[in-house]
Amino acid sequence: MSEKTKYELEFVVQSSPQLLYQYISTPSGLSEWFADNVNSRGELFTFIWDDSEEEAKLLSRKSGERIKFRWLADEEDGNDYFFEIRIQVDEITKDVSLMITDYSEDDEIDENKMLWDNMISNLKHVLGSA
């Protein structure tokens with residue numbers, strides 16, 4: 001398997017960081033925009049889309065600020081890839097942004113960026129900030 005490339009995306013979101021954190025860190029919040037359904041048992045999160053299911057391990061979280069996951073398939077393969085969703089507030093303008101860090105195969109980066117774009121659009125719609 002080829003190495004994956006790390007990439008970062010930034011999305012400005014009109015929302016309070018506290019509300020946003022609920023949508024990125026809880027199974028019910030993630031079910032609203034990230035997957036069709038999300039279940040968690042401790043550090044293990046199960047993400048369900050249509051006919052597929054993926055499990056991810058919660059690597060870290062900082063309340064009100066960020067959450068980081070690793071897909072179990074990557075962990076089983078011995079890879080240390082992860083995806084992180086971080087809330088960033090501009091000190092001066094107080095604009096709230098979601099910073100996404102993820103990894104992808106080189107030939108899938110554009111496709112994955114579009115996927116994140118669509119998912120964040122869903123999130124903005126749920127938040128009423130679209």
# chains A, B, ... in the order shown; residues from 1 in each chain; ligands from 1

call {"tool": "residues_around", "arguments": {"residues": "segment 6-14 of chain A", "least_positions_apart": "5", "cutoff": "7 Å", "atoms": "only C-alpha atoms", "output": "list in words"}}
result
Val96, Ser97, Leu98, Met99, Ile100, Thr101, Asp102, Tyr103, Ser104, Lys124 and Ser129 of chain A

call {"tool": "residues_around", "arguments": {"residues": "segment 60-63 of chain A", "least_positions_apart": "3", "cutoff": "10 Å", "atoms": "only C-alpha atoms", "output": "PyMOL selection string"}}
result
chain A and resi 18+21-22+25+43+57+66-70+84-86

call {"tool": "atom_distance", "arguments": {"atom1": "atom CA of Val89 of chain A", "atom2": "atom CA of Leu20 of chain A"}}
result
11.6 Å

call {"tool": "closest_residue", "arguments": {"among": "A:Ile92, A:Leu127, A:Leu30, A:Ala56", "to": "Ala73 of chain A", "atoms": "only C-alpha atoms"}}
result
A:Ala56

call {"tool": "select_by_dssp", "arguments": {"residues": "chain A", "states": "alpha helix (DSSP H)", "output": "JSON, numbers by chain"}}
result
{"A": [17, 18, 19, 20, 21, 22, 23, 24, 25, 27, 28, 29, 30, 31, 72, 73, 74, 75, 76, 109, 110, 111, 112, 113, 114, 115, 116, 117, 118, 119, 120, 121, 122, 123, 124, 125, 126, 127]}

call {"tool": "closest_residue", "arguments": {"among": "A:Glu65, A:Gly128, A:Pro27, A:Lys113", "to": "Ile48 of chain A", "atoms": "only C-alpha atoms"}}
result
A:Pro27

call {"tool": "residues_around", "arguments": {"residues": "Gly29 of chain A", "least_positions_apart": "6", "cutoff": "10 Å", "atoms": "only C-alpha atoms", "output": "VMD selection string"}}
result
chain A and resid 19 to 23 35 37 to 38 123 126

call {"tool": "atom_distance", "arguments": {"atom1": "atom CA of Ile87 of chain A", "atom2": "atom CA of Ser15 of chain A"}}
result
10.5 Å

call {"tool": "select_by_dssp", "arguments": {"residues": "segment 41-88 of chain A", "states": "strand (DSSP E)", "output": "short mmCIF file (atom, residue, chain, number, x, y, z; two decimals) with N, CA and C atoms, in the first residue's frame"}}
result
data_model
loop_
_atom_site.label_atom_id
_atom_site.label_comp_id
_atom_site.auth_asym_id
_atom_site.auth_seq_id
_atom_site.Cartn_x
_atom_site.Cartn_y
_atom_site.Cartn_z
N ARG A 41 -18.69 3.13 22.13
CA ARG A 41 -18.49 2.36 23.35
C ARG A 41 -17.11 2.75 23.85
N LEU A 44 -14.19 3.61 21.36
CA LEU A 44 -14.48 3.05 20.04
C LEU A 44 -15.75 3.66 19.47
N PHE A 45 -15.62 4.29 18.29
CA PHE A 45 -16.76 4.89 17.61
C PHE A 45 -17.05 4.09 16.35
N THR A 46 -18.31 3.78 16.11
CA THR A 46 -18.72 3.09 14.89
C THR A 46 -19.49 4.07 14.03
N PHE A 47 -19.00 4.31 12.81
CA PHE A 47 -19.63 5.23 11.87
C PHE A 47 -20.34 4.39 10.81
N ILE A 48 -21.62 4.68 10.57
CA ILE A 48 -22.42 3.89 9.65
C ILE A 48 -22.93 4.79 8.52
N TRP A 49 -22.68 4.35 7.29
CA TRP A 49 -23.19 5.02 6.08
C TRP A 49 -23.87 3.95 5.24
N SER A 52 -22.33 0.53 4.65
CA SER A 52 -20.98 0.29 5.16
C SER A 52 -20.83 0.81 6.59
N GLU A 53 -19.84 0.24 7.25
CA GLU A 53 -19.60 0.56 8.65
C GLU A 53 -18.09 0.64 8.85
N GLU A 54 -17.63 1.68 9.51
CA GLU A 54 -16.21 1.83 9.81
C GLU A 54 -16.06 2.12 11.29
N GLU A 55 -15.02 1.54 11.88
CA GLU A 55 -14.77 1.81 13.29
C GLU A 55 -13.52 2.68 13.43
N ALA A 56 -13.59 3.59 14.37
CA ALA A 56 -12.47 4.48 14.65
C ALA A 56 -12.25 4.54 16.15
N LYS A 57 -10.98 4.70 16.51
CA LYS A 57 -10.61 4.82 17.91
C LYS A 57 -10.42 6.31 18.22
N LEU A 58 -11.00 6.74 19.33
CA LEU A 58 -10.82 8.11 19.79
C LEU A 58 -9.40 8.22 20.34
N LEU A 59 -8.56 9.02 19.70
CA LEU A 59 -7.17 9.16 20.13
C LEU A 59 -7.04 10.23 21.20
N SER A 60 -7.73 11.36 21.00
CA SER A 60 -7.65 12.43 21.98
C SER A 60 -8.79 13.40 21.75
N ARG A 61 -9.09 14.12 22.81
CA ARG A 61 -10.07 15.20 22.70
C ARG A 61 -9.70 16.27 23.72
N LYS A 62 -9.98 17.49 23.34
CA LYS A 62 -9.80 18.59 24.28
C LYS A 62 -11.11 19.35 24.27
N ARG A 66 -11.01 20.32 20.20
CA ARG A 66 -10.67 19.39 19.11
C ARG A 66 -10.98 17.95 19.49
N ILE A 67 -11.03 17.12 18.42
CA ILE A 67 -11.21 15.69 18.60
C ILE A 67 -10.39 14.99 17.51
N LYS A 68 -9.77 13.88 17.87
CA LYS A 68 -8.89 13.17 16.94
C LYS A 68 -9.22 11.68 16.96
N PHE A 69 -9.40 11.10 15.75
CA PHE A 69 -9.72 9.69 15.59
C PHE A 69 -8.70 8.99 14.70
N ARG A 70 -8.59 7.67 14.87
CA ARG A 70 -7.84 6.83 13.92
C ARG A 70 -8.75 5.69 13.50
N TRP A 71 -8.87 5.50 12.19
CA TRP A 71 -9.66 4.37 11.69
C TRP A 71 -8.98 3.08 12.14
N PHE A 83 -7.55 11.39 11.68
CA PHE A 83 -8.21 12.61 11.22
C PHE A 83 -8.60 13.40 12.45
N GLU A 84 -8.41 14.69 12.35
CA GLU A 84 -8.66 15.58 13.47
C GLU A 84 -9.58 16.71 13.02
N ILE A 85 -10.52 17.05 13.88
CA ILE A 85 -11.40 18.19 13.64
C ILE A 85 -11.15 19.16 14.79
N ARG A 86 -10.67 20.35 14.44
CA ARG A 86 -10.26 21.32 15.46
C ARG A 86 -11.02 22.63 15.26
N ILE A 87 -11.46 23.19 16.36
CA ILE A 87 -12.15 24.48 16.32
C ILE A 87 -11.13 25.58 16.59
N GLN A 88 -11.11 26.56 15.70
CA GLN A 88 -10.16 27.65 15.85
C GLN A 88 -10.92 28.97 15.85
#

call {"tool": "atom_distance", "arguments": {"atom1": "atom CA of Asp110 of chain A", "atom2": "atom CA of Asp80 of chain A"}}
result
21.5 Å

call {"tool": "decode", "arguments": {"residues": "segment 20-41 of chain A", "atoms": "N, CA, C and O atoms", "output": "compact mmCIF listing (two decimals), in the first residue's frame"}}
result
# COMPACT_ATOMS: atom_id res chain seq x y z
N LEU A 20 -20.59 24.04 18.35
CA LEU A 20 -19.84 23.30 17.34
C LEU A 20 -19.18 22.06 17.94
O LEU A 20 -19.20 20.98 17.34
N TYR A 21 -18.63 22.19 19.12
CA TYR A 21 -17.96 21.06 19.77
C TYR A 21 -18.92 19.90 19.99
O TYR A 21 -18.53 18.74 19.83
N GLN A 22 -20.18 20.20 20.32
CA GLN A 22 -21.16 19.13 20.50
C GLN A 22 -21.35 18.33 19.21
O GLN A 22 -21.55 17.13 19.23
N TYR A 23 -21.28 19.03 18.08
CA TYR A 23 -21.48 18.38 16.78
C TYR A 23 -20.27 17.59 16.30
O TYR A 23 -20.40 16.73 15.45
N ILE A 24 -19.09 17.89 16.81
CA ILE A 24 -17.90 17.15 16.36
C ILE A 24 -17.46 16.08 17.35
O ILE A 24 -16.63 15.25 17.01
N SER A 25 -18.01 16.09 18.56
CA SER A 25 -17.46 15.19 19.59
C SER A 25 -18.44 14.15 20.14
O SER A 25 -18.02 13.26 20.86
N THR A 26 -19.72 14.27 19.81
CA THR A 26 -20.68 13.31 20.36
C THR A 26 -21.27 12.45 19.24
O THR A 26 -21.42 12.92 18.11
N PRO A 27 -21.61 11.21 19.55
CA PRO A 27 -22.23 10.36 18.53
C PRO A 27 -23.49 10.98 17.93
O PRO A 27 -23.68 10.96 16.72
N SER A 28 -24.33 11.60 18.78
CA SER A 28 -25.56 12.20 18.25
C SER A 28 -25.23 13.40 17.36
O SER A 28 -25.85 13.60 16.31
N GLY A 29 -24.24 14.19 17.74
CA GLY A 29 -23.83 15.33 16.92
C GLY A 29 -23.24 14.89 15.59
O GLY A 29 -23.59 15.42 14.53
N LEU A 30 -22.35 13.89 15.63
CA LEU A 30 -21.73 13.39 14.40
C LEU A 30 -22.76 12.74 13.47
O LEU A 30 -22.63 12.78 12.26
N SER A 31 -23.81 12.14 14.06
CA SER A 31 -24.87 11.51 13.25
C SER A 31 -25.66 12.54 12.46
O SER A 31 -26.33 12.20 11.49
N GLU A 32 -25.60 13.79 12.89
CA GLU A 32 -26.35 14.85 12.20
C GLU A 32 -25.71 15.25 10.88
O GLU A 32 -26.40 15.77 10.00
N TRP A 33 -24.40 15.02 10.73
CA TRP A 33 -23.73 15.55 9.53
C TRP A 33 -22.62 14.68 8.98
O TRP A 33 -22.32 14.70 7.80
N PHE A 34 -21.96 13.88 9.82
CA PHE A 34 -20.76 13.16 9.39
C PHE A 34 -21.09 11.78 8.84
O PHE A 34 -20.49 11.32 7.88
N ALA A 35 -22.04 11.10 9.46
CA ALA A 35 -22.42 9.75 9.05
C ALA A 35 -23.92 9.60 9.26
O ALA A 35 -24.55 10.41 9.92
N ASP A 36 -24.49 8.51 8.70
CA ASP A 36 -25.92 8.27 8.89
C ASP A 36 -26.23 7.95 10.34
O ASP A 36 -27.27 8.32 10.86
N ASN A 37 -25.30 7.25 10.98
CA ASN A 37 -25.47 6.91 12.39
C ASN A 37 -24.09 6.73 13.00
O ASN A 37 -23.15 6.31 12.33
N VAL A 38 -23.96 7.08 14.27
CA VAL A 38 -22.69 6.93 14.98
C VAL A 38 -22.99 6.36 16.36
O VAL A 38 -23.87 6.85 17.07
N ASN A 39 -22.27 5.31 16.71
CA ASN A 39 -22.39 4.71 18.04
C ASN A 39 -21.02 4.74 18.70
O ASN A 39 -20.00 4.69 18.01
N SER A 40 -21.01 4.78 20.02
CA SER A 40 -19.71 4.73 20.69
C SER A 40 -19.79 3.83 21.92
O SER A 40 -20.81 3.77 22.60
N ARG A 41 -18.69 3.13 22.13
CA ARG A 41 -18.49 2.36 23.35
C ARG A 41 -17.11 2.75 23.85
O ARG A 41 -16.10 2.31 23.30
